[in-house]
$ cat final-v3.csv   # CSV, C-alpha atoms
chain,number,residue,atom,x,y,z
A,1,MET,CA,-13.3,-24.5,-9.3
A,2,ALA,CA,-15.7,-23.7,-6.5
A,3,ILE,CA,-14.7,-20.2,-5.4
A,4,LYS,CA,-16.2,-19.2,-2.1
A,5,LEU,CA,-17.6,-15.7,-1.7
A,6,GLY,CA,-16.6,-14.2,1.6
A,7,GLY,CA,-16.8,-10.8,3.4
A,8,PHE,CA,-14.5,-8.9,5.7
A,9,SER,CA,-16.1,-7.5,8.9
A,10,GLN,CA,-14.5,-4.1,8.8
A,11,LEU,CA,-17.5,-1.9,8.2
A,12,ARG,CA,-18.8,1.4,9.6
A,13,HIS,CA,-22.2,1.4,11.2
A,14,PRO,CA,-24.8,2.4,8.6
A,15,GLU,CA,-26.6,4.8,10.9
A,16,ASP,CA,-23.4,6.4,12.4
A,17,GLN,CA,-20.3,6.3,10.3
A,18,THR,CA,-18.2,7.3,13.2
A,19,LYS,CA,-18.9,3.9,14.8
A,20,ASP,CA,-17.8,0.4,13.8
A,21,PHE,CA,-20.4,-2.2,12.7
A,22,GLU,CA,-20.5,-4.8,15.5
A,23,VAL,CA,-19.4,-8.2,14.3
A,24,LEU,CA,-22.5,-10.0,15.5
A,25,ASP,CA,-24.5,-7.6,13.3
A,26,PHE,CA,-22.0,-8.2,10.5
A,27,LEU,CA,-22.9,-11.9,10.7
A,28,GLU,CA,-26.6,-11.0,10.1
A,29,LEU,CA,-25.5,-9.1,7.0
A,30,ALA,CA,-23.3,-12.1,5.9
A,31,ARG,CA,-26.2,-14.4,6.2
A,32,GLU,CA,-28.5,-12.0,4.3
A,33,LEU,CA,-26.0,-11.8,1.5
A,34,ARG,CA,-25.7,-15.6,1.5
A,35,LEU,CA,-21.9,-15.4,1.9
A,36,ASP,CA,-19.9,-18.6,2.1
A,37,ALA,CA,-17.3,-17.4,4.6
A,38,VAL,CA,-16.3,-14.5,6.8
A,39,ASP,CA,-13.0,-12.8,7.8
A,40,PHE,CA,-12.7,-10.8,11.0
A,41,HIS,CA,-11.0,-7.5,12.0
A,42,LEU,CA,-10.5,-8.0,15.7
A,43,ALA,CA,-9.9,-4.3,16.3
A,44,LYS,CA,-13.0,-3.1,14.4
A,45,GLY,CA,-16.4,-4.1,15.6
A,46,PHE,CA,-15.2,-6.8,18.1
A,47,ALA,CA,-16.4,-5.8,21.5
A,48,SER,CA,-13.8,-8.1,23.1
A,49,THR,CA,-11.5,-11.0,22.5
A,50,ASP,CA,-12.4,-12.7,25.8
A,51,LYS,CA,-13.5,-16.3,25.5
A,52,GLY,CA,-17.1,-15.6,26.3
A,53,TYR,CA,-17.5,-13.1,23.5
A,54,LEU,CA,-15.5,-15.2,21.1
A,55,SER,CA,-17.7,-18.2,21.9
A,56,ARG,CA,-20.8,-16.2,21.0
A,57,VAL,CA,-19.3,-15.2,17.7
A,58,LYS,CA,-18.2,-18.7,16.9
A,59,ALA,CA,-21.6,-20.1,17.8
A,60,LYS,CA,-23.3,-17.6,15.5
A,61,CYS,CA,-20.9,-18.5,12.7
A,62,VAL,CA,-21.7,-22.2,13.0
A,63,ARG,CA,-25.5,-21.5,13.3
A,64,TYR,CA,-25.4,-19.5,10.1
A,65,GLY,CA,-23.1,-21.9,8.3
A,66,LEU,CA,-20.3,-19.3,7.9
A,67,PRO,CA,-16.7,-20.7,8.2
A,68,ILE,CA,-14.1,-18.2,9.3
A,69,GLY,CA,-11.2,-17.7,6.9
A,70,TYR,CA,-8.8,-15.5,8.9
A,71,VAL,CA,-8.6,-13.0,11.7
A,72,THR,CA,-6.5,-9.9,12.0
A,73,SER,CA,-5.8,-7.0,14.4
A,74,GLY,CA,-4.5,-5.0,11.5
A,75,LEU,CA,-1.0,-5.4,12.8
A,76,PHE,CA,2.1,-3.7,11.1
A,77,ILE,CA,4.9,-6.2,11.8
A,78,GLY,CA,7.6,-3.8,10.7
A,79,GLY,CA,9.1,-0.8,12.5
A,80,PRO,CA,11.6,0.1,15.2
A,81,GLU,CA,13.3,-2.8,17.0
A,82,GLU,CA,12.1,-1.5,20.4
A,83,GLU,CA,8.5,-2.2,19.3
A,84,ALA,CA,9.3,-5.7,18.0
A,85,ALA,CA,8.4,-7.6,21.2
A,86,ALA,CA,5.0,-6.0,21.5
A,87,LYS,CA,4.2,-6.5,17.8
A,88,VAL,CA,5.2,-10.2,17.9
A,89,ALA,CA,3.2,-10.6,21.0
A,90,GLN,CA,0.1,-9.1,19.3
A,91,ALA,CA,0.6,-11.4,16.3
A,92,LYS,CA,0.8,-14.4,18.7
A,93,ALA,CA,-2.4,-13.2,20.4
A,94,ASP,CA,-4.1,-13.1,17.0
A,95,VAL,CA,-3.0,-16.7,16.5
A,96,ASP,CA,-4.5,-17.7,19.9
A,97,VAL,CA,-7.9,-16.1,18.8
A,98,ALA,CA,-7.8,-17.9,15.5
A,99,ALA,CA,-7.1,-21.2,17.2
A,100,PHE,CA,-10.0,-20.6,19.6
A,101,LEU,CA,-12.4,-19.6,16.9
A,102,GLY,CA,-11.3,-22.5,14.7
A,103,ALA,CA,-10.1,-20.1,12.0
A,104,PRO,CA,-7.2,-21.6,9.9
A,105,MET,CA,-5.3,-18.4,9.4
A,106,THR,CA,-4.2,-15.0,10.7
A,107,HIS,CA,-3.4,-11.9,8.7
A,108,LEU,CA,-0.7,-9.3,9.1
A,109,TYR,CA,0.8,-6.4,7.2
A,110,ALA,CA,4.5,-6.1,6.3
A,111,ARG,CA,4.2,-2.4,7.1
A,112,GLY,CA,6.1,-0.1,9.5
A,113,GLY,CA,9.5,1.5,9.2
A,114,GLU,CA,11.1,2.7,6.0
A,115,ALA,CA,10.3,0.3,3.1
A,116,ALA,CA,11.9,2.1,0.2
A,117,ALA,CA,14.6,-0.1,-1.3
A,118,SER,CA,16.8,3.0,-1.9
A,119,THR,CA,16.9,3.8,1.7
A,120,PRO,CA,20.0,3.1,3.9
A,121,GLY,CA,19.1,0.3,6.3
A,122,TYR,CA,16.6,-1.3,4.0
A,123,GLU,CA,18.2,-4.7,4.2
A,124,GLN,CA,18.4,-4.5,8.0
A,125,GLY,CA,14.7,-3.6,8.1
A,126,TRP,CA,13.9,-6.4,5.8
A,127,ALA,CA,15.8,-8.9,8.0
A,128,GLN,CA,13.9,-7.7,11.1
A,129,ILE,CA,10.6,-8.3,9.4
A,130,VAL,CA,11.7,-11.8,8.2
A,131,ARG,CA,12.8,-12.6,11.8
A,132,ARG,CA,9.6,-11.5,13.3
A,133,CYS,CA,7.5,-13.3,10.7
A,134,ARG,CA,9.4,-16.5,11.4
A,135,GLU,CA,8.8,-16.2,15.1
A,136,VAL,CA,5.1,-15.7,14.6
A,137,ALA,CA,4.9,-18.5,12.1
A,138,ASP,CA,6.7,-20.9,14.4
A,139,TYR,CA,4.4,-20.1,17.2
A,140,ALA,CA,1.4,-20.5,14.9
A,141,ALA,CA,2.6,-23.9,13.7
A,142,GLY,CA,2.4,-25.2,17.2
A,143,LYS,CA,-1.3,-24.1,17.3
A,144,GLY,CA,-2.1,-25.5,13.8
A,145,VAL,CA,-2.6,-22.0,12.4
A,146,ILE,CA,-1.3,-20.5,9.1
A,147,VAL,CA,0.0,-16.9,9.0
A,148,GLY,CA,-0.8,-14.8,5.9
A,149,VAL,CA,1.0,-11.6,4.9
A,150,GLN,CA,-1.0,-9.2,2.7
A,151,ASN,CA,0.4,-7.0,-0.1
A,152,HIS,CA,-0.2,-3.3,0.4
A,153,ASP,CA,1.0,0.0,-1.0
A,154,GLY,CA,1.7,3.1,1.0
A,155,GLY,CA,4.9,2.1,2.6
A,156,SER,CA,4.5,-1.7,2.8
A,157,TRP,CA,7.6,-3.8,2.4
A,158,VAL,CA,5.4,-6.3,0.4
A,159,ALA,CA,3.8,-4.4,-2.4
A,160,VAL,CA,4.6,-5.9,-5.8
A,161,PRO,CA,5.2,-9.5,-7.0
A,162,LYS,CA,9.0,-9.2,-6.5
A,163,THR,CA,8.7,-8.5,-2.8
A,164,ILE,CA,5.9,-11.0,-2.3
A,165,ASN,CA,8.1,-13.7,-3.8
A,166,ARG,CA,11.0,-12.6,-1.6
A,167,ILE,CA,9.1,-12.5,1.7
A,168,LEU,CA,7.7,-16.0,1.2
A,169,LYS,CA,11.2,-17.3,0.2
A,170,ASP,CA,13.0,-15.6,3.0
A,171,VAL,CA,10.6,-16.5,5.8
A,172,ASP,CA,10.7,-20.0,4.5
A,173,ARG,CA,7.9,-21.5,6.6
A,174,SER,CA,5.3,-23.8,5.1
A,175,ASN,CA,2.6,-22.1,7.2
A,176,PHE,CA,3.6,-18.6,6.1
A,177,VAL,CA,1.5,-17.6,3.0
A,178,LEU,CA,0.1,-14.8,0.9
A,179,ILE,CA,-3.3,-13.1,1.4
A,180,LEU,CA,-3.6,-11.4,-1.9
A,181,ASP,CA,-5.4,-8.1,-2.1
A,182,THR,CA,-6.6,-7.2,-5.5
A,183,GLY,CA,-6.3,-3.4,-5.0
A,184,GLN,CA,-3.2,-2.6,-2.9
A,185,TRP,CA,-0.1,-2.5,-5.1
A,186,THR,CA,2.6,0.1,-5.3
A,187,ASP,CA,2.3,1.6,-8.8
A,188,GLY,CA,-1.2,0.2,-9.1
A,189,ILE,CA,-3.8,2.6,-10.5
A,190,MET,CA,-5.7,2.8,-7.3
A,191,THR,CA,-2.7,4.0,-5.3
A,192,LYS,CA,-3.4,7.6,-4.2
A,193,PRO,CA,-3.9,9.8,-6.1
A,194,ARG,CA,-6.1,7.3,-7.7
A,195,GLY,CA,-6.7,6.9,-11.4
A,196,VAL,CA,-4.5,6.0,-14.4
A,197,PRO,CA,-1.5,8.4,-14.5
A,198,LYS,CA,0.1,9.2,-17.8
A,199,ASN,CA,2.3,6.5,-19.2
A,200,ALA,CA,1.2,4.0,-16.6
A,201,ASN,CA,0.3,0.5,-17.6
A,202,PRO,CA,-3.5,0.3,-17.3
A,203,ASN,CA,-3.3,-3.5,-16.9
A,204,ILE,CA,-0.9,-3.4,-14.0
A,205,ASN,CA,-3.3,-4.6,-11.3
A,206,GLU,CA,-4.4,-7.6,-13.3
A,207,GLU,CA,-0.8,-8.4,-14.3
A,208,TYR,CA,0.3,-8.3,-10.6
A,209,ILE,CA,-2.6,-10.6,-9.6
A,210,ALA,CA,-1.8,-13.0,-12.4
A,211,GLN,CA,1.9,-13.2,-11.3
A,212,THR,CA,1.0,-13.9,-7.6
A,213,VAL,CA,-2.3,-15.8,-7.5
A,214,HIS,CA,-0.5,-19.1,-7.3
A,215,HIS,CA,0.7,-18.0,-3.8
A,216,ALA,CA,-2.7,-16.8,-2.7
A,217,ARG,CA,-4.5,-18.6,0.2
A,218,ASN,CA,-7.2,-16.0,0.4
A,219,VAL,CA,-8.1,-13.2,-2.1
A,220,ARG,CA,-9.3,-9.9,-0.7
A,221,ALA,CA,-11.6,-8.4,-3.4
A,222,LYS,CA,-11.1,-4.7,-2.8
A,223,ILE,CA,-14.0,-2.4,-3.6
A,224,PHE,CA,-13.5,1.4,-3.8
A,225,ASN,CA,-16.9,2.5,-5.0
A,226,LEU,CA,-19.8,1.3,-7.2
A,227,ASP,CA,-21.5,4.6,-7.9
A,228,SER,CA,-21.4,3.7,-11.6
A,229,GLY,CA,-22.3,0.1,-11.1
A,230,SER,CA,-18.8,-1.3,-11.3
A,231,ASP,CA,-15.6,-0.5,-9.5
A,232,PRO,CA,-13.6,2.3,-11.3
A,233,TYR,CA,-10.2,0.8,-10.7
A,234,LEU,CA,-10.7,-3.0,-10.7
A,235,ASP,CA,-12.4,-5.1,-13.4
A,236,TYR,CA,-13.8,-8.1,-11.6
A,237,GLY,CA,-14.8,-9.8,-14.8
A,238,ARG,CA,-11.2,-9.9,-15.8
A,239,ILE,CA,-10.0,-10.8,-12.3
A,240,ALA,CA,-12.4,-13.7,-12.1
A,241,GLY,CA,-10.9,-15.0,-15.4
A,242,ILE,CA,-7.4,-14.7,-14.0
A,243,LEU,CA,-8.3,-16.6,-10.8
A,244,ARG,CA,-10.2,-19.2,-12.7
A,245,ASP,CA,-7.4,-19.8,-15.2
A,246,ALA,CA,-5.0,-20.2,-12.3
A,247,GLY,CA,-7.2,-22.9,-10.7
A,248,TYR,CA,-7.8,-20.8,-7.6
A,249,ASN,CA,-10.2,-22.7,-5.3
A,250,GLY,CA,-10.3,-20.5,-2.2
A,251,THR,CA,-12.3,-17.6,-0.9
A,252,VAL,CA,-12.8,-14.3,-2.6
A,253,SER,CA,-13.6,-12.0,0.3
A,254,LEU,CA,-15.3,-8.6,-0.2
A,255,VAL,CA,-13.3,-5.8,1.5
A,256,MET,CA,-14.7,-2.3,1.5
A,257,ASN,CA,-12.4,0.7,1.0
A,258,PRO,CA,-15.2,3.2,0.8
A,259,ASP,CA,-13.6,6.6,1.2
A,260,GLU,CA,-14.8,7.6,-2.3
A,261,SER,CA,-18.2,6.0,-2.1
A,262,ARG,CA,-21.5,7.8,-1.6
A,263,LEU,CA,-23.0,4.6,-0.1
A,264,THR,CA,-22.8,3.4,3.4
A,265,ASP,CA,-20.3,0.6,3.9
A,266,VAL,CA,-23.1,-1.9,4.5
A,267,GLU,CA,-24.9,-0.9,1.3
A,268,LEU,CA,-21.6,-0.9,-0.6
A,269,MET,CA,-21.0,-4.5,0.6
A,270,ARG,CA,-24.5,-5.5,-0.6
A,271,ARG,CA,-23.9,-4.2,-4.1
A,272,SER,CA,-20.4,-5.7,-4.1
A,273,ALA,CA,-21.7,-9.1,-3.3
A,274,ALA,CA,-24.1,-8.9,-6.2
A,275,LEU,CA,-21.3,-7.7,-8.6
A,276,VAL,CA,-18.7,-10.2,-7.6
A,277,ARG,CA,-21.1,-13.0,-7.5
A,278,LYS,CA,-22.2,-12.2,-11.0
A,279,CYS,CA,-18.5,-12.1,-12.2
A,280,PHE,CA,-17.7,-15.4,-10.6
A,281,ASN,CA,-21.0,-17.1,-11.4
A,282,ARG,CA,-21.6,-17.8,-7.8
B,1,MET,CA,-25.7,-20.2,0.4
B,2,ILE,CA,-25.6,-23.9,1.1
B,3,LYS,CA,-22.2,-25.3,0.9
B,4,LEU,CA,-21.6,-28.7,-0.7
B,5,GLY,CA,-19.3,-30.9,1.4
B,6,VAL,CA,-18.0,-34.4,1.5
B,7,PHE,CA,-17.0,-36.7,4.3
B,8,ALA,CA,-13.4,-37.5,3.6
B,9,TYR,CA,-13.7,-41.2,4.2
B,10,MET,CA,-13.0,-43.9,1.6
B,11,GLN,CA,-12.2,-47.5,2.0
B,12,ASP,CA,-9.2,-48.9,0.1
B,13,ARG,CA,-10.9,-51.9,-1.7
B,14,ALA,CA,-7.5,-53.3,-2.6
B,15,VAL,CA,-6.5,-53.7,1.0
B,16,PRO,CA,-9.2,-55.1,3.3
B,17,GLY,CA,-9.7,-52.9,6.4
B,18,ALA,CA,-7.6,-50.1,5.0
B,19,HIS,CA,-8.6,-46.6,4.1
B,20,ILE,CA,-7.4,-44.1,1.5
B,21,ASP,CA,-5.1,-41.5,3.2
B,22,THR,CA,-6.8,-38.1,3.6
B,23,LEU,CA,-3.9,-36.3,1.9
B,24,GLU,CA,-4.4,-38.4,-1.2
B,25,LEU,CA,-8.2,-37.9,-1.0
B,26,LEU,CA,-7.8,-34.2,-1.0
B,27,ASP,CA,-6.6,-34.1,-4.6
B,28,PHE,CA,-9.6,-36.2,-5.6
B,29,ILE,CA,-12.0,-34.1,-3.6
B,30,ARG,CA,-10.6,-30.8,-5.0
B,31,ASP,CA,-11.7,-31.9,-8.5
B,32,LEU,CA,-15.3,-32.5,-7.2
B,33,ASN,CA,-15.7,-28.7,-6.8
B,34,VAL,CA,-17.1,-29.0,-3.4
B,35,ASP,CA,-17.0,-26.3,-0.8
B,36,THR,CA,-16.0,-28.1,2.4
B,37,ILE,CA,-14.9,-31.4,3.9
B,38,ASP,CA,-15.3,-33.3,7.1
B,39,LEU,CA,-12.6,-35.6,8.4
B,40,PHE,CA,-12.8,-39.0,10.0
B,41,LEU,CA,-10.0,-39.3,12.6
B,42,GLY,CA,-8.4,-42.7,12.4
B,43,ARG,CA,-10.0,-43.6,9.0
B,44,GLY,CA,-7.8,-42.1,6.5
B,45,LEU,CA,-6.4,-39.4,8.8
B,46,SER,CA,-3.5,-41.6,9.7
B,47,SER,CA,-2.1,-39.5,12.5
B,48,THR,CA,-3.2,-36.7,14.8
B,49,ASP,CA,0.2,-35.4,15.6
B,50,PRO,CA,0.7,-31.6,14.9
B,51,GLY,CA,3.0,-32.2,12.0
$ encode --input "final-v3.csv" --output "structure tokens"
Amino acid sequence: MAIKLGGFSQLRHPEDQTKDFEVLDFLELARELRLDAVDFHLAKGFASTDKGYLSRVKAKCVRYGLPIGYVTSGLFIGGPEEEAAAKVAQAKADVDVAAFLGAPMTHLYARGGEAAASTPGYEQGWAQIVRRCREVADYAAGKGVIVGVQNHDGGSWVAVPKTINRILKDVDRSNFVLILDTGQWTDGIMTKPRGVPKNANPNINEEYIAQTVHHARNVRAKIFNLDSGSDPYLDYGRIAGILRDAGYNGTVSLVMNPDESRLTDVELMRRSAALVRKCFNR
Amino acid sequence: MIKLGVFAYMQDRAVPGAHIDTLELLDFIRDLNVDTIDLFLGRGLSSTDPG
């Protein structure tokens, strides 16, 4: 399989960590790292989503040979019903940006509201998320765009293989898919506080990835820190083997989660590219 | 990194003037381990309707 190495544009500026790294500068980095594809966070480092600015971004992507995988505004589609209209409207606006840029896919989180299965109202909250995702997917279908939901811990409704399978089945739209994040699982060893707790299954991340990779249309390769040369929570050699065995043929996109790293986000992405490229023989 | 692509256009030699449907070609192309494809509207892409 020809796995593509990508990068997610959410980075802090290397000279001022209080500022976002502007997407046009990120594209210079992507070119330097010889990435195959890029994914964009529209709320981090995007000066605007007006057509003039998007046209500049698109032109630079084409000039540098960088296809766009997905765009996201980091939207949480769950939460109170009074916020539903605004959230769905934002998700549709993301679809419009994707269509303009020629990106095949948008991204959203099934977060917001109370996602614990033991909580009263859980099924009602789940039904709300399904309804909103269907509305977004139906709108996106008319624009030729696919909508990806990402697994996440920390209160996401989609956080383990069981809930991934359920959301895809319940939304039941051919253009509603999974964006698989290697490092964001409830019960995963990187969930805060990070590290392997007593009696935990040290292979749980890899097992969850193996159980869901057949749904994945993009894989976010989460990197926490590389101070020791490899990520302390995720074994990309093993993950590469899982994706290869599953016949995964899409993008593996570098996503920095650098709160533990001593490096700047940009330098962490440089080292991540080298590590993941080596693991995937790219 | 240069991407290896293919132009998804192939004549159907069993039927003069016909072309292999793009959806059928994608299975073949996937096995070629290429990175990207280009499409020929009207030559294998049998329709341009949204469905």
$ atom_distance --input "final-v3.csv" --atom1 "atom CA of Ala137 of chain A" --atom2 "atom CA of Phe40 of chain B"
27.2 Å
$ closest_atom_pairs --input "final-v3.csv" --of "chain A" --to "chain B" --cutoff "12 Å" --atoms "all atoms listed in the file" --output "Markdown table"
| residue | atom | partner | partner_atom | distance |
| --- | --- | --- | --- | --- |
| A:Met1 | CA | B:Asn33 | CA | 5.4 |
| A:Ala2 | CA | B:Asn33 | CA | 5.0 |
| A:Ile3 | CA | B:Asp35 | CA | 8.0 |
| A:Lys4 | CA | B:Asp35 | CA | 7.3 |
| A:Leu5 | CA | B:Met1 | CA | 9.5 |
| A:Gly6 | CA | B:Met1 | CA | 11.0 |
| A:Ala30 | CA | B:Met1 | CA | 10.1 |
| A:Arg31 | CA | B:Met1 | CA | 8.2 |
| A:Glu32 | CA | B:Met1 | CA | 9.5 |
| A:Leu33 | CA | B:Met1 | CA | 8.5 |
| A:Arg34 | CA | B:Met1 | CA | 4.7 |
| A:Leu35 | CA | B:Met1 | CA | 6.3 |
| A:Asp36 | CA | B:Met1 | CA | 6.3 |
| A:Ala37 | CA | B:Met1 | CA | 9.8 |
| A:Tyr64 | CA | B:Met1 | CA | 9.7 |
| A:Gly65 | CA | B:Ile2 | CA | 7.9 |
| A:Leu66 | CA | B:Met1 | CA | 9.3 |
| A:Pro67 | CA | B:Thr36 | CA | 9.4 |
| A:Ala140 | CA | B:Pro50 | CA | 11.1 |
| A:Ala141 | CA | B:Pro50 | CA | 8.0 |
| A:Gly142 | CA | B:Pro50 | CA | 7.0 |
| A:Lys143 | CA | B:Pro50 | CA | 8.1 |
| A:Gly144 | CA | B:Pro50 | CA | 6.8 |
| A:Val145 | CA | B:Pro50 | CA | 10.5 |
| A:Ser174 | CA | B:Gly51 | CA | 11.1 |
| A:Asn175 | CA | B:Gly51 | CA | 11.2 |
| A:Gly247 | CA | B:Asp31 | CA | 10.3 |
| A:Tyr248 | CA | B:Arg30 | CA | 10.7 |
| A:Asn249 | CA | B:Arg30 | CA | 8.1 |
| A:Gly250 | CA | B:Asp35 | CA | 9.0 |
| A:Thr251 | CA | B:Asp35 | CA | 9.9 |
| A:Arg277 | CA | B:Met1 | CA | 11.6 |
| A:Arg282 | CA | B:Met1 | CA | 9.5 |
$ residues_around --input "final-v3.csv" --residues "Asp38 of chain B" --least-positions-apart "3" --cutoff "12 Å" --atoms "all atoms listed in the file" --output "list in words"
Leu4, Gly5, Val6, Phe7, Ala8, Tyr9, Thr22, Leu25, Leu26, Ile29, Val34, Asp35, Leu41, Arg43, Gly44 and Leu45 of chain B
$ atom_distance --input "final-v3.csv" --atom1 "atom CA of Cys279 of chain A" --atom2 "atom CA of Ile37 of chain B"
25.4 Å
$ residues_around --input "final-v3.csv" --residues "Val219 of chain A" --least-positions-apart "4" --cutoff "10 Å" --atoms "all atoms listed in the file" --output "VMD selection string"
chain A and resid 5 to 6 150 178 to 182 209 213 243 248 250 to 255
$ write_last_selection --input "final-v3.csv" --atoms "C-alpha atoms" --output "PDB file, keeping the file's coordinate frame"
ATOM      1  CA  LEU A   5     -17.600 -15.700  -1.700  1.00  0.00           C
ATOM      2  CA  GLY A   6     -16.600 -14.200   1.600  1.00  0.00           C
ATOM      3  CA  GLN A 150      -1.000  -9.200   2.700  1.00  0.00           C
ATOM      4  CA  LEU A 178       0.100 -14.800   0.900  1.00  0.00           C
ATOM      5  CA  ILE A 179      -3.300 -13.100   1.400  1.00  0.00           C
ATOM      6  CA  LEU A 180      -3.600 -11.400  -1.900  1.00  0.00           C
ATOM      7  CA  ASP A 181      -5.400  -8.100  -2.100  1.00  0.00           C
ATOM      8  CA  THR A 182      -6.600  -7.200  -5.500  1.00  0.00           C
ATOM      9  CA  ILE A 209      -2.600 -10.600  -9.600  1.00  0.00           C
ATOM     10  CA  VAL A 213      -2.300 -15.800  -7.500  1.00  0.00           C
ATOM     11  CA  LEU A 243      -8.300 -16.600 -10.800  1.00  0.00           C
ATOM     12  CA  TYR A 248      -7.800 -20.800  -7.600  1.00  0.00           C
ATOM     13  CA  GLY A 250     -10.300 -20.500  -2.200  1.00  0.00           C
ATOM     14  CA  THR A 251     -12.300 -17.600  -0.900  1.00  0.00           C
ATOM     15  CA  VAL A 252     -12.800 -14.300  -2.600  1.00  0.00           C
ATOM     16  CA  SER A 253     -13.600 -12.000   0.300  1.00  0.00           C
ATOM     17  CA  LEU A 254     -15.300  -8.600  -0.200  1.00  0.00           C
ATOM     18  CA  VAL A 255     -13.300  -5.800   1.500  1.00  0.00           C
TER      19      VAL A 255
END
$ closest_atom_pairs --input "final-v3.csv" --of "segment 53-110 of chain A" --to "segment 120-132 of chain A" --cutoff "7 Å" --atoms "all atoms listed in the file" --output "JSON lines"
{"residue": "A:Ile77", "atom": "CA", "partner": "A:Ile129", "partner_atom": "CA", "distance": 6.5}
{"residue": "A:Gly78", "atom": "CA", "partner": "A:Ile129", "partner_atom": "CA", "distance": 5.6}
{"residue": "A:Val88", "atom": "CA", "partner": "A:Arg132", "partner_atom": "CA", "distance": 6.5}
$ atom_distance --input "final-v3.csv" --atom1 "atom CA of Gly74 of chain A" --atom2 "atom CA of Leu108 of chain A"
6.2 Å
$ residues_around --input "final-v3.csv" --residues "Ala240 of chain A" --least-positions-apart "5" --cutoff "9 Å" --atoms "only C-alpha atoms" --output "list in words"
Asp235, Asp245, Val276, Cys279 and Phe280 of chain A
$ residues_around --input "final-v3.csv" --residues "His107 of chain A" --least-positions-apart "3" --cutoff "9 Å" --atoms "all atoms listed in the file" --output "ChimeraX atom specification"
/A:70-75,91,94,146-150,179
